file start.pdb (PDB, C-alpha atoms and all ligand atoms)
ATOM      1  CA  MET A 107      29.373  39.033 -10.488
ATOM      2  CA  THR A 108      26.439  36.669 -10.962
ATOM      3  CA  ALA A 109      24.034  36.649  -8.032
ATOM      4  CA  PRO A 110      23.641  33.330  -6.219
ATOM      5  CA  ALA A 111      20.322  31.450  -6.482
ATOM      6  CA  VAL A 112      19.501  32.440  -2.900
ATOM      7  CA  ARG A 113      21.184  35.000  -0.685
ATOM      8  CA  CYS A 114      20.045  35.623   2.906
ATOM      9  CA  ARG A 115      21.531  38.238   5.210
ATOM     10  CA  ASP A 116      20.787  38.403   8.935
ATOM     11  CA  LEU A 117      17.439  36.727   8.413
ATOM     12  CA  ARG A 118      15.151  36.876  11.451
ATOM     13  CA  TYR A 119      11.574  35.904  12.203
ATOM     14  CA  GLY A 120       9.543  35.625  15.382
ATOM     15  CA  PHE A 121       6.094  34.320  16.228
ATOM     16  CA  GLY A 122       5.178  36.352  19.332
ATOM     17  CA  ASP A 123       7.836  35.478  21.904
ATOM     18  CA  THR A 124       9.174  32.535  19.871
ATOM     19  CA  ILE A 125      12.281  33.357  17.851
ATOM     20  CA  ALA A 126      12.006  30.961  14.911
ATOM     21  CA  VAL A 127      14.876  32.330  12.780
ATOM     22  CA  ASP A 128      17.681  34.124  14.567
ATOM     23  CA  GLY A 129      20.177  35.807  12.213
ATOM     24  CA  VAL A 130      20.712  33.452   9.276
ATOM     25  CA  ASP A 131      23.267  34.208   6.549
ATOM     26  CA  LEU A 132      23.078  31.894   3.578
ATOM     27  CA  ASP A 133      24.348  31.722  -0.018
ATOM     28  CA  ILE A 134      23.102  28.968  -2.298
ATOM     29  CA  GLU A 135      25.089  28.507  -5.473
ATOM     30  CA  ARG A 136      23.215  28.244  -8.764
ATOM     31  CA  GLY A 137      22.693  24.680  -9.954
ATOM     32  CA  SER A 138      23.496  23.098  -6.583
ATOM     33  CA  VAL A 139      21.433  20.834  -4.336
ATOM     34  CA  PHE A 140      21.489  22.535  -0.945
ATOM     35  CA  GLY A 141      20.230  20.825   2.208
ATOM     36  CA  LEU A 142      18.922  22.704   5.231
ATOM     37  CA  LEU A 143      19.184  20.169   8.025
ATOM     38  CA  GLY A 144      17.846  20.134  11.535
ATOM     39  CA  PRO A 145      15.285  18.693  13.916
ATOM     40  CA  ASN A 146      11.660  19.667  14.263
ATOM     41  CA  GLY A 147      11.363  23.303  15.361
ATOM     42  CA  ALA A 148      14.863  24.307  14.181
ATOM     43  CA  GLY A 149      13.402  27.040  11.959
ATOM     44  CA  LYS A 150      13.760  25.355   8.550
ATOM     45  CA  THR A 151      10.155  25.780   7.410
ATOM     46  CA  THR A 152      10.031  29.400   8.556
ATOM     47  CA  THR A 153      13.231  30.125   6.580
ATOM     48  CA  ILE A 154      11.770  28.453   3.505
ATOM     49  CA  ARG A 155       8.478  30.282   3.840
ATOM     50  CA  MET A 156      10.368  33.585   3.869
ATOM     51  CA  ILE A 157      12.425  32.601   0.809
ATOM     52  CA  THR A 158       9.250  31.580  -1.046
ATOM     53  CA  THR A 159       7.564  34.929  -0.134
ATOM     54  CA  LEU A 160       4.892  33.273   2.051
ATOM     55  CA  LEU A 161       6.181  35.124   5.124
ATOM     56  CA  PRO A 162       7.414  38.730   4.930
ATOM     57  CA  ALA A 163      11.117  39.604   4.962
ATOM     58  CA  PRO A 164      12.665  43.052   5.485
ATOM     59  CA  PRO A 165      14.234  44.804   2.470
ATOM     60  CA  GLY A 166      17.622  43.369   1.526
ATOM     61  CA  ALA A 167      17.278  40.268   3.736
ATOM     62  CA  ILE A 168      16.650  37.785   0.902
ATOM     63  CA  GLU A 169      17.368  37.797  -2.812
ATOM     64  CA  VAL A 170      16.456  35.015  -5.230
ATOM     65  CA  PHE A 171      18.628  35.212  -8.360
ATOM     66  CA  GLY A 172      19.339  38.811  -7.393
ATOM     67  CA  VAL A 173      15.650  39.750  -7.001
ATOM     68  CA  ASP A 174      14.532  40.986  -3.560
ATOM     69  CA  VAL A 175      11.765  38.716  -2.223
ATOM     70  CA  ARG A 176       9.686  41.805  -1.524
ATOM     71  CA  ARG A 177       9.023  41.750  -5.277
ATOM     72  CA  LYS A 178       6.720  38.807  -4.594
ATOM     73  CA  LEU A 179       5.314  38.096  -8.038
ATOM     74  CA  ALA A 180       8.694  38.310  -9.771
ATOM     75  CA  VAL A 181      10.183  35.897  -7.217
ATOM     76  CA  ARG A 182       7.245  33.475  -7.286
ATOM     77  CA  ARG A 183       7.761  33.066 -11.024
ATOM     78  CA  LEU A 184      11.266  31.773 -10.305
ATOM     79  CA  ILE A 185      10.249  29.219  -7.665
ATOM     80  CA  GLY A 186       8.610  25.796  -7.557
ATOM     81  CA  TYR A 187       7.601  24.847  -4.002
ATOM     82  CA  VAL A 188       6.602  21.495  -2.536
ATOM     83  CA  PRO A 189       5.349  22.214   0.990
ATOM     84  CA  GLN A 190       5.292  19.709   3.841
ATOM     85  CA  GLN A 191       1.492  19.644   3.858
ATOM     86  CA  LEU A 192      -0.125  17.592   1.128
ATOM     87  CA  SER A 193      -0.994  19.706  -1.874
ATOM     88  CA  ALA A 194      -2.401  17.091  -4.304
ATOM     89  CA  ASP A 195      -6.194  16.652  -4.539
ATOM     90  CA  SER A 196      -7.025  12.960  -4.128
ATOM     91  CA  ALA A 197     -10.271  13.280  -6.146
ATOM     92  CA  LEU A 198      -8.482  14.594  -9.255
ATOM     93  CA  THR A 199      -6.374  12.517 -11.622
ATOM     94  CA  GLY A 200      -2.615  12.955 -11.703
ATOM     95  CA  ARG A 201      -2.918  14.916 -14.938
ATOM     96  CA  GLU A 202      -5.686  17.178 -13.566
ATOM     97  CA  ASN A 203      -3.601  17.950 -10.472
ATOM     98  CA  VAL A 204      -0.617  19.019 -12.552
ATOM     99  CA  ALA A 205      -2.823  20.926 -15.039
ATOM    100  CA  LEU A 206      -4.316  22.871 -12.119
ATOM    101  CA  PHE A 207      -0.848  24.046 -11.093
ATOM    102  CA  ALA A 208      -0.003  24.900 -14.701
ATOM    103  CA  ARG A 209      -3.001  27.264 -14.736
ATOM    104  CA  LEU A 210      -2.239  28.665 -11.265
ATOM    105  CA  PHE A 211       1.344  29.416 -12.251
ATOM    106  CA  ASP A 212       0.448  31.014 -15.574
ATOM    107  CA  VAL A 213       2.089  28.478 -17.857
ATOM    108  CA  PRO A 214       1.162  29.911 -21.294
ATOM    109  CA  ARG A 215      -1.983  28.247 -22.614
ATOM    110  CA  ALA A 216      -0.388  27.215 -25.909
ATOM    111  CA  GLY A 217       2.329  25.145 -24.225
ATOM    112  CA  ARG A 218       0.313  23.979 -21.221
ATOM    113  CA  ALA A 219      -0.600  20.445 -22.316
ATOM    114  CA  ASP A 220       2.996  19.746 -23.339
ATOM    115  CA  ALA A 221       4.309  21.164 -20.059
ATOM    116  CA  VAL A 222       1.919  18.914 -18.086
ATOM    117  CA  ASP A 223       3.002  15.852 -20.091
ATOM    118  CA  ALA A 224       6.689  16.686 -19.620
ATOM    119  CA  ALA A 225       6.276  17.205 -15.866
ATOM    120  CA  LEU A 226       4.425  13.874 -15.449
ATOM    121  CA  GLU A 227       7.046  12.132 -17.567
ATOM    122  CA  SER A 228       9.922  13.611 -15.565
ATOM    123  CA  VAL A 229       8.609  12.090 -12.324
ATOM    124  CA  GLY A 230       7.697   8.728 -13.873
ATOM    125  CA  LEU A 231       3.904   9.119 -13.630
ATOM    126  CA  ALA A 232       2.964   9.383 -17.316
ATOM    127  CA  ASP A 233       1.538   5.851 -17.334
ATOM    128  CA  VAL A 234      -0.784   6.459 -14.382
ATOM    129  CA  ALA A 235      -1.707  10.067 -15.212
ATOM    130  CA  GLU A 236      -5.396   9.229 -15.745
ATOM    131  CA  ARG A 237      -5.811   7.573 -12.337
ATOM    132  CA  THR A 238      -7.087   9.641  -9.412
ATOM    133  CA  ALA A 239      -4.383  10.672  -6.959
ATOM    134  CA  GLY A 240      -6.337   8.914  -4.201
ATOM    135  CA  THR A 241      -5.222   5.581  -5.691
ATOM    136  CA  TYR A 242      -1.507   6.534  -5.609
ATOM    137  CA  SER A 243       1.010   5.227  -3.080
ATOM    138  CA  GLY A 244       2.744   7.717  -0.758
ATOM    139  CA  GLY A 245       5.805   7.819  -2.993
ATOM    140  CA  MET A 246       3.695   8.444  -6.097
ATOM    141  CA  VAL A 247       1.855  11.306  -4.347
ATOM    142  CA  ARG A 248       5.208  12.898  -3.492
ATOM    143  CA  ARG A 249       6.336  12.556  -7.110
ATOM    144  CA  LEU A 250       3.024  14.073  -8.236
ATOM    145  CA  GLU A 251       3.661  17.040  -5.954
ATOM    146  CA  LEU A 252       7.096  17.310  -7.525
ATOM    147  CA  ALA A 253       5.474  17.405 -10.980
ATOM    148  CA  GLN A 254       3.124  20.176  -9.780
ATOM    149  CA  ALA A 255       6.143  22.244  -8.730
ATOM    150  CA  LEU A 256       8.056  21.493 -11.947
ATOM    151  CA  VAL A 257       5.310  22.274 -14.447
ATOM    152  CA  SER A 258       6.129  26.007 -14.501
ATOM    153  CA  SER A 259       9.856  25.266 -15.174
ATOM    154  CA  PRO A 260      11.122  27.044 -12.049
ATOM    155  CA  ARG A 261      14.779  28.009 -11.678
ATOM    156  CA  LEU A 262      14.690  27.204  -7.967
ATOM    157  CA  LEU A 263      12.931  24.109  -6.639
ATOM    158  CA  VAL A 264      12.162  24.282  -2.905
ATOM    159  CA  LEU A 265      11.228  21.045  -1.153
ATOM    160  CA  ASP A 266      10.185  20.880   2.511
ATOM    161  CA  GLU A 267      10.874  17.365   3.857
ATOM    162  CA  PRO A 268      10.175  15.677   0.481
ATOM    163  CA  THR A 269      10.700  12.121   1.713
ATOM    164  CA  ILE A 270       9.133  12.292   5.154
ATOM    165  CA  GLY A 271       6.987   9.290   6.053
ATOM    166  CA  LEU A 272       7.989   7.301   2.943
ATOM    167  CA  ASP A 273       9.528   3.830   2.925
ATOM    168  CA  PRO A 274      13.175   3.552   1.812
ATOM    169  CA  ILE A 275      12.318   2.496  -1.759
ATOM    170  CA  ALA A 276       9.904   5.375  -2.259
ATOM    171  CA  ARG A 277      12.442   7.774  -0.706
ATOM    172  CA  ALA A 278      15.082   6.612  -3.164
ATOM    173  CA  GLY A 279      12.569   7.055  -6.016
ATOM    174  CA  VAL A 280      11.872  10.659  -5.060
ATOM    175  CA  TRP A 281      15.611  11.472  -4.879
ATOM    176  CA  GLU A 282      16.242   9.770  -8.212
ATOM    177  CA  ARG A 283      13.701  12.114  -9.830
ATOM    178  CA  ILE A 284      15.088  15.201  -8.110
ATOM    179  CA  GLU A 285      18.610  14.347  -9.305
ATOM    180  CA  GLN A 286      17.442  13.619 -12.833
ATOM    181  CA  VAL A 287      15.620  16.943 -13.086
ATOM    182  CA  ARG A 288      18.660  18.780 -11.767
ATOM    183  CA  ALA A 289      20.899  17.016 -14.288
ATOM    184  CA  ASP A 290      18.487  17.742 -17.166
ATOM    185  CA  THR A 291      17.750  21.380 -16.360
ATOM    186  CA  GLY A 292      20.529  22.715 -14.125
ATOM    187  CA  MET A 293      17.814  23.796 -11.682
ATOM    188  CA  THR A 294      18.888  24.836  -8.178
ATOM    189  CA  VAL A 295      17.346  22.705  -5.422
ATOM    190  CA  LEU A 296      16.826  23.764  -1.804
ATOM    191  CA  VAL A 297      15.645  20.926   0.387
ATOM    192  CA  THR A 298      14.941  20.646   4.110
ATOM    193  CA  THR A 299      15.313  17.284   5.748
ATOM    194  CA  HIS A 300      16.109  15.664   9.035
ATOM    195  CA  TYR A 301      17.299  12.478   7.316
ATOM    196  CA  MET A 302      21.032  13.063   7.695
ATOM    197  CA  GLU A 303      22.020  10.067   5.568
ATOM    198  CA  GLU A 304      19.904  11.347   2.634
ATOM    199  CA  ALA A 305      21.478  14.776   2.853
ATOM    200  CA  ASP A 306      24.911  13.191   2.980
ATOM    201  CA  LYS A 307      24.227  11.215  -0.163
ATOM    202  CA  HIS A 308      22.318  13.731  -2.275
ATOM    203  CA  CYS A 309      23.261  17.299  -1.271
ATOM    204  CA  ASP A 310      26.262  19.233  -2.631
ATOM    205  CA  ARG A 311      26.280  21.435   0.462
ATOM    206  CA  VAL A 312      24.399  21.376   3.741
ATOM    207  CA  ALA A 313      23.728  23.798   6.573
ATOM    208  CA  LEU A 314      22.990  22.474  10.042
ATOM    209  CA  MET A 315      20.198  24.496  11.678
ATOM    210  CA  HIS A 316      19.402  24.446  15.372
ATOM    211  CA  ARG A 317      17.176  26.788  17.387
ATOM    212  CA  GLY A 318      16.918  29.363  14.617
ATOM    213  CA  ARG A 319      20.624  29.554  13.803
ATOM    214  CA  LEU A 320      22.950  27.954  11.288
ATOM    215  CA  ARG A 321      25.552  26.153  13.358
ATOM    216  CA  SER A 322      27.706  24.822  10.529
ATOM    217  CA  GLU A 323      27.808  24.886   6.733
ATOM    218  CA  GLY A 324      29.829  23.126   4.037
ATOM    219  CA  THR A 325      29.939  20.017   1.883
ATOM    220  CA  PRO A 326      28.942  16.833   3.760
ATOM    221  CA  GLU A 327      32.546  15.656   3.369
ATOM    222  CA  GLU A 328      33.942  18.847   4.921
ATOM    223  CA  LEU A 329      31.577  18.708   7.895
ATOM    224  CA  LYS A 330      32.305  15.025   8.565
ATOM    225  CA  ALA A 331      36.080  15.383   8.074
ATOM    226  CA  ALA A 332      36.142  18.202  10.643
ATOM    227  CA  ILE A 333      34.950  15.703  13.283
ATOM    228  CA  GLY A 334      37.011  12.642  12.411
ATOM    229  CA  PRO A 335      37.696   9.908   9.841
ATOM    230  CA  GLU A 336      34.648   7.739  10.624
ATOM    231  CA  ALA A 337      32.261  10.599  11.459
ATOM    232  CA  THR A 338      28.705  10.782  10.122
ATOM    233  CA  LEU A 339      26.647  13.939   9.525
ATOM    234  CA  GLU A 340      24.777  13.086  12.729
ATOM    235  CA  ASP A 341      28.106  13.299  14.577
ATOM    236  CA  ALA A 342      28.733  16.675  12.897
ATOM    237  CA  PHE A 343      25.275  17.842  13.973
ATOM    238  CA  ARG A 344      25.911  16.727  17.541
ATOM    239  CA  ALA A 345      29.299  18.460  17.617
ATOM    240  CA  ALA A 346      27.895  21.684  16.160
ATOM    241  CA  THR A 347      24.828  21.918  18.399
ATOM    242  CA  GLY A 348      25.726  20.048  21.557
ATOM    243  CA  ASP A 349      22.383  18.307  21.079
ATOM    244  CA  ASP A 350      21.810  14.636  20.622
ATOM    245  CA  LEU A 351      19.393  13.530  17.937
ATOM    246  CA  ASP A 352      17.970  11.027  20.424
ATOM    247  CA  SER A 353      17.171  13.728  22.969
ATOM    248  CA  GLY A 354      14.518  16.421  22.635
ATOM    249  CA  ALA A 355      15.495  17.072  19.039
ATOM    250  CA  GLY A 356      15.056  13.420  18.125
ATOM    251  CA  GLU A 357      11.664  13.331  19.772
ATOM    252  CA  GLY A 358      10.676  16.237  17.566
ATOM    253  CA  MET A 359      11.659  14.307  14.470
ATOM    254  CA  ARG A 360       9.435  11.412  15.414
ATOM    255  CA  ASN A 361       6.581  13.867  15.844
ATOM    256  CA  VAL A 362       7.051  15.151  12.312
ATOM    257  CA  ARG A 363       6.793  11.624  10.988
ATOM    258  CA  ALA A 364       3.595  11.024  12.959
ATOM    259  CA  VAL A 365       2.062  14.229  11.634
ATOM    260  CA  ARG A 366       2.845  13.231   8.079
ATOM    261  CA  ARG A 367       1.227   9.797   8.563
ATOM    262  CA  VAL A 368      -1.962  11.381   9.894
ATOM    263  CA  ALA A 369      -2.038  13.795   6.978
ATOM    264  CA  ARG A 370      -1.806  10.880   4.577
ATOM    265  CA  ARG A 371      -4.669   8.999   6.232
ATOM    266  CA  LEU A 372      -6.886  12.062   5.997
ATOM    267  CA  GLY A 373      -5.903  12.648   2.383
TER     268      GLY A 373
HETATM  269  N1  LIG A 401       2.550  29.760  12.923
HETATM  270  C1  LIG A 401       3.325  29.671  14.011
HETATM  271  N2  LIG A 401       2.934  30.222  15.184
HETATM  272  C2  LIG A 401       3.719  30.162  16.288
HETATM  273  N3  LIG A 401       4.918  29.563  16.338
HETATM  274  C3  LIG A 401       5.357  28.966  15.208
HETATM  275  C4  LIG A 401       4.586  28.979  13.989
HETATM  276  N4  LIG A 401       5.279  28.328  13.031
HETATM  277  C5  LIG A 401       6.428  27.904  13.613
HETATM  278  N5  LIG A 401       6.473  28.288  14.912
HETATM  279  C6  LIG A 401       7.576  28.033  15.853
HETATM  280  O1  LIG A 401       8.777  28.513  15.275
HETATM  281  C7  LIG A 401       9.856  27.606  15.523
HETATM  282  C8  LIG A 401      10.451  27.130  14.213
HETATM  283  O2  LIG A 401       9.477  26.338  13.520
HETATM  284  P1  LIG A 401       9.706  25.763  12.035
HETATM  285  O3  LIG A 401       8.419  25.156  11.602
HETATM  286  O4  LIG A 401      10.307  26.818  11.204
HETATM  287  O5  LIG A 401      10.794  24.640  12.310
HETATM  288  P2  LIG A 401      11.224  23.451  11.359
HETATM  289  O6  LIG A 401      12.677  23.290  11.558
HETATM  290  O7  LIG A 401      10.767  23.679   9.987
HETATM  291  O8  LIG A 401      10.450  22.208  11.949
HETATM  292  P3  LIG A 401       9.304  21.343  11.216
HETATM  293  O9  LIG A 401      10.040  20.341  10.421
HETATM  294  O10 LIG A 401       8.523  20.785  12.344
HETATM  295  O11 LIG A 401       8.473  22.290  10.389
HETATM  296  C9  LIG A 401       9.281  26.487  16.386
HETATM  297  O12 LIG A 401       9.520  26.804  17.739
HETATM  298  C10 LIG A 401       7.792  26.553  16.095
HETATM  299  O13 LIG A 401       7.047  26.066  17.188
END

call {"tool": "encode", "arguments": {"input": "start.pdb", "output": "structure tokens"}}
result
Amino acid sequence: MTAPAVRCRDLRYGFGDTIAVDGVDLDIERGSVFGLLGPNGAGKTTTIRMITTLLPAPPGAIEVFGVDVRRKLAVRRLIGYVPQQLSADSALTGRENVALFARLFDVPRAGRADAVDAALESVGLADVAERTAGTYSGGMVRRLELAQALVSSPRLLVLDEPTIGLDPIARAGVWERIEQVRADTGMTVLVTTHYMEEADKHCDRVALMHRGRLRSEGTPEELKAAIGPEATLEDAFRAATGDDLDSGAGEGMRNVRAVRRVARRLG
């Protein structure tokens, strides 16, 4: 049987007394767009950091395309990662930023220039590639970060809150690129978000995460239908967690947005 793109079994992680991830089982089918949904502090980033080998996992807890994440280098070659923190250098041009990642991720020298061109083209930044990233809009910076992750042709693209802090048009632009890349390459995409309506529209399957645990998992249609004919994913989240997005959890989401805005101003 072919191994799934990502397989997690009884995944756990604590920071001192804080249990960030509390027994997560997860299978992500190859070629799918999978959304990990939940408010600030749910444990999404910690889960992603374990899958991307940035935090340690016990043997057997996570496999990426059948490879245990303890084989860090082998797994890193399979993954493109766009973290929540800004990773583009505002003093470098778009092309230089992507070329830097091509070198970091060992894209063979002979094909490097072509790979950089293709990555910039795939996110719609070829025309502005010679401008410094500091002159880009928020949406363009996000697409540049996407190009950085794509330049090594990963089999799994991991995106942590890719549209946070962007206006609706820029958010749509980022999703359009993600969907195009998936259609062109068959890449698997794992995305965290707290924008329920985006997950509903763009993800094949979603898992609702709350306080370190997955409370519900399925296609957006399945999760909504289980609640009622007019239900939204927010209703499904509320039913699965007993929490209201406007309560403490919602407050957390606003904080994430504020953090992202500050990061952009500093950038
Ligand atoms: N480096 C750290 N040190 C201590 N506690 C941490 C650390 N990183 C995360 N935590 C805690 O672990 C829990 C899960 O955090 P995590 O960042 O994984 O959540 P999240 O769902 O990704 O939210 P966000 O979108 O804000 O990143 C939270 O209670 C958080 O405060």

call {"tool": "closest_atom_pairs", "arguments": {"input": "start.pdb", "of": "chain A", "to": "ligand LIG 401 (chain A)", "cutoff": "9 Å", "atoms": "all atoms listed in the file", "output": "CSV"}}
result
residue,atom,partner,partner_atom,distance
A:Tyr119,CA,A:LIG401,O1,8.5
A:Gly120,CA,A:LIG401,O1,7.2
A:Phe121,CA,A:LIG401,C2,4.8
A:Gly122,CA,A:LIG401,C2,7.1
A:Asp123,CA,A:LIG401,N3,8.6
A:Thr124,CA,A:LIG401,O1,6.1
A:Ile125,CA,A:LIG401,O1,6.5
A:Ala126,CA,A:LIG401,C7,4.0
A:Val127,CA,A:LIG401,C8,7.0
A:Leu142,CA,A:LIG401,O6,8.9
A:Leu143,CA,A:LIG401,O6,8.0
A:Gly144,CA,A:LIG401,O6,6.1
A:Pro145,CA,A:LIG401,O6,5.8
A:Asn146,CA,A:LIG401,O8,3.6
A:Gly147,CA,A:LIG401,O5,3.4
A:Ala148,CA,A:LIG401,O6,3.6
A:Gly149,CA,A:LIG401,O4,3.2
A:Lys150,CA,A:LIG401,O7,3.7
A:Thr151,CA,A:LIG401,O7,3.4
A:Thr152,CA,A:LIG401,O4,3.7
A:Thr153,CA,A:LIG401,O4,6.4
A:Ile154,CA,A:LIG401,O4,8.0
A:Arg155,CA,A:LIG401,O4,8.3
A:Gln190,CA,A:LIG401,O11,7.7
A:Asp266,CA,A:LIG401,O9,7.9
A:Glu267,CA,A:LIG401,O9,7.3
A:Thr298,CA,A:LIG401,O7,7.8
A:Thr299,CA,A:LIG401,O9,7.7
A:His300,CA,A:LIG401,O9,7.8
A:Met315,CA,A:LIG401,O6,7.6
A:His316,CA,A:LIG401,O6,7.8
A:Arg317,CA,A:LIG401,C8,7.4
A:Gly318,CA,A:LIG401,C8,6.9
A:Gly358,CA,A:LIG401,O10,7.3
A:Met359,CA,A:LIG401,O9,7.4
A:Asn361,CA,A:LIG401,O10,8.0
A:Val362,CA,A:LIG401,O10,5.8

call {"tool": "write_last_selection", "arguments": {"input": "start.pdb", "atoms": "C-alpha atoms", "output": "CSV table (one decimal), in the coordinates of the input"}}
result
chain,number,residue,atom,x,y,z
A,119,TYR,CA,11.6,35.9,12.2
A,120,GLY,CA,9.5,35.6,15.4
A,121,PHE,CA,6.1,34.3,16.2
A,122,GLY,CA,5.2,36.4,19.3
A,123,ASP,CA,7.8,35.5,21.9
A,124,THR,CA,9.2,32.5,19.9
A,125,ILE,CA,12.3,33.4,17.9
A,126,ALA,CA,12.0,31.0,14.9
A,127,VAL,CA,14.9,32.3,12.8
A,142,LEU,CA,18.9,22.7,5.2
A,143,LEU,CA,19.2,20.2,8.0
A,144,GLY,CA,17.8,20.1,11.5
A,145,PRO,CA,15.3,18.7,13.9
A,146,ASN,CA,11.7,19.7,14.3
A,147,GLY,CA,11.4,23.3,15.4
A,148,ALA,CA,14.9,24.3,14.2
A,149,GLY,CA,13.4,27.0,12.0
A,150,LYS,CA,13.8,25.4,8.6
A,151,THR,CA,10.2,25.8,7.4
A,152,THR,CA,10.0,29.4,8.6
A,153,THR,CA,13.2,30.1,6.6
A,154,ILE,CA,11.8,28.5,3.5
A,155,ARG,CA,8.5,30.3,3.8
A,190,GLN,CA,5.3,19.7,3.8
A,266,ASP,CA,10.2,20.9,2.5
A,267,GLU,CA,10.9,17.4,3.9
A,298,THR,CA,14.9,20.6,4.1
A,299,THR,CA,15.3,17.3,5.7
A,300,HIS,CA,16.1,15.7,9.0
A,315,MET,CA,20.2,24.5,11.7
A,316,HIS,CA,19.4,24.4,15.4
A,317,ARG,CA,17.2,26.8,17.4
A,318,GLY,CA,16.9,29.4,14.6
A,358,GLY,CA,10.7,16.2,17.6
A,359,MET,CA,11.7,14.3,14.5
A,361,ASN,CA,6.6,13.9,15.8
A,362,VAL,CA,7.1,15.2,12.3

call {"tool": "atom_distance", "arguments": {"input": "start.pdb", "atom1": "atom CA of A:Ala111", "atom2": "atom CA of A:Val130"}}
result
15.9 Å

call {"tool": "residues_around", "arguments": {"input": "start.pdb", "residues": "A:Ala194", "least_positions_apart": "4", "cutoff": "9 Å", "atoms": "only C-alpha atoms", "output": "list of chain:residue names"}}
result
A:Leu198, A:Gly200, A:Asn203, A:Val204, A:Ala239, A:Val247, A:Arg248, A:Leu250, A:Glu251, A:Gln254, A:Gly373

call {"tool": "atom_distance", "arguments": {"input": "start.pdb", "atom1": "atom CA of A:Asp133", "atom2": "atom CA of A:Val170"}}
result
10.0 Å

call {"tool": "resolve_selection", "arguments": {"input": "start.pdb", "expression": "the PyMOL selection byres (((chain A and resi 222) around 8) and not hetatm)", "output": "ChimeraX atom specification"}}
result
/A:201,204-205,208,218-221,223-226,257

call {"tool": "atom_distance", "arguments": {"input": "start.pdb", "atom1": "atom CA of A:His308", "atom2": "atom CA of A:Glu282"}}
result
9.4 Å

call {"tool": "resolve_selection", "arguments": {"input": "start.pdb", "expression": "the PyMOL selection byres (((chain A and resi 229) around 7) and not hetatm)", "output": "MDAnalysis selection string"}}
result
chainID A and resid 225:228 230:231 249 253 283

call {"tool": "closest_residue", "arguments": {"input": "start.pdb", "among": "A:Ala197, A:Arg321, A:Pro162, A:Arg113", "to": "A:Asp131", "atoms": "all atoms listed in the file"}}
result
A:Arg113

call {"tool": "resolve_selection", "arguments": {"input": "start.pdb", "expression": "the PyMOL selection byres (((chain A and resi 140) around 9) and not hetatm)", "output": "PyMOL selection string"}}
result
chain A and resi 134-135+138-139+141-142+294-298+305+308-313

call {"tool": "closest_residue", "arguments": {"input": "start.pdb", "among": "A:Leu117, A:Val112, A:Leu161, A:Leu262", "to": "A:Val173", "atoms": "all atoms listed in the file"}}
result
A:Val112

call {"tool": "residues_around", "arguments": {"input": "start.pdb", "residues": "A:Thr108", "least_positions_apart": "4", "cutoff": "10 Å", "atoms": "all atoms listed in the file", "output": "mmCIF file with C-alpha atoms, keeping the file's coordinate frame"}}
result
data_model
loop_
_atom_site.group_PDB
_atom_site.id
_atom_site.type_symbol
_atom_site.label_atom_id
_atom_site.label_comp_id
_atom_site.auth_asym_id
_atom_site.auth_seq_id
_atom_site.Cartn_x
_atom_site.Cartn_y
_atom_site.Cartn_z
ATOM 1 C CA GLU A 135 25.089 28.507 -5.473
ATOM 2 C CA ARG A 136 23.215 28.244 -8.764
ATOM 3 C CA PHE A 171 18.628 35.212 -8.360
ATOM 4 C CA GLY A 172 19.339 38.811 -7.393
#

call {"tool": "axis_aligned_box", "arguments": {"input": "start.pdb", "around": "stretch 320-327 of chain A", "padding_each_side": "6 Å", "output": "lines of an AutoDock Vina configuration file"}}
result
center_x = 27.7
center_y = 21.8
center_z = 7.6
size_x = 21.6
size_y = 24.3
size_z = 23.5

call {"tool": "closest_residue", "arguments": {"input": "start.pdb", "among": "A:Leu184, A:Leu329, A:Asp195, A:Gly137", "to": "A:Met293", "atoms": "all atoms listed in the file"}}
result
A:Gly137

call {"tool": "residues_near_point", "arguments": {"input": "start.pdb", "point": "(25.2, 14.8, 13.3)", "cutoff": "10 Å", "atoms": "all atoms listed in the file", "output": "ChimeraX atom specification"}}
result
/A:143-144,302-303,314,329-330,333,337-351

call {"tool": "closest_residue", "arguments": {"input": "start.pdb", "among": "A:Tyr187, A:Leu256, A:Leu272, A:Thr199", "to": "A:Arg237", "atoms": "only C-alpha atoms"}}
result
A:Thr199

call {"tool": "closest_residue", "arguments": {"input": "start.pdb", "among": "A:Ser258, A:Thr159, A:Thr325, A:Thr238", "to": "A:Lys307", "atoms": "only C-alpha atoms"}}
result
A:Thr325

call {"tool": "residues_around", "arguments": {"input": "start.pdb", "residues": "A:Ile275", "least_positions_apart": "4", "cutoff": "12 Å", "atoms": "only C-alpha atoms", "output": "list in words"}}
result
Ser243, Gly244, Gly245, Met246, Thr269, Gly271, Gly279, Val280, Trp281 and Glu282 of chain A

call {"tool": "closest_residue", "arguments": {"input": "start.pdb", "among": "A:Ser322, A:Ser193, A:Val287, A:Asp116", "to": "A:Phe207", "atoms": "all atoms listed in the file"}}
result
A:Ser193

call {"tool": "decode", "arguments": {"input": "start.pdb", "residues": "stretch 322-326 of chain A", "atoms": "N, CA and C atoms", "output": "short mmCIF file (atom, residue, chain, number, x, y, z; two decimals), in the first residue's frame"}}
result
data_model
loop_
_atom_site.label_atom_id
_atom_site.label_comp_id
_atom_site.auth_asym_id
_atom_site.auth_seq_id
_atom_site.Cartn_x
_atom_site.Cartn_y
_atom_site.Cartn_z
N SER A 322 -12.42 16.95 15.18
CA SER A 322 -13.26 16.50 14.09
C SER A 322 -12.44 16.53 12.80
N GLU A 323 -12.73 15.61 11.89
CA GLU A 323 -11.98 15.58 10.63
C GLU A 323 -12.85 15.05 9.51
N GLY A 324 -12.74 15.64 8.32
CA GLY A 324 -13.51 15.17 7.18
C GLY A 324 -13.49 16.20 6.07
N THR A 325 -14.31 16.01 5.04
CA THR A 325 -14.42 17.06 4.03
C THR A 325 -15.25 18.18 4.64
N PRO A 326 -15.08 19.43 4.16
CA PRO A 326 -15.90 20.52 4.70
C PRO A 326 -17.39 20.18 4.60
#
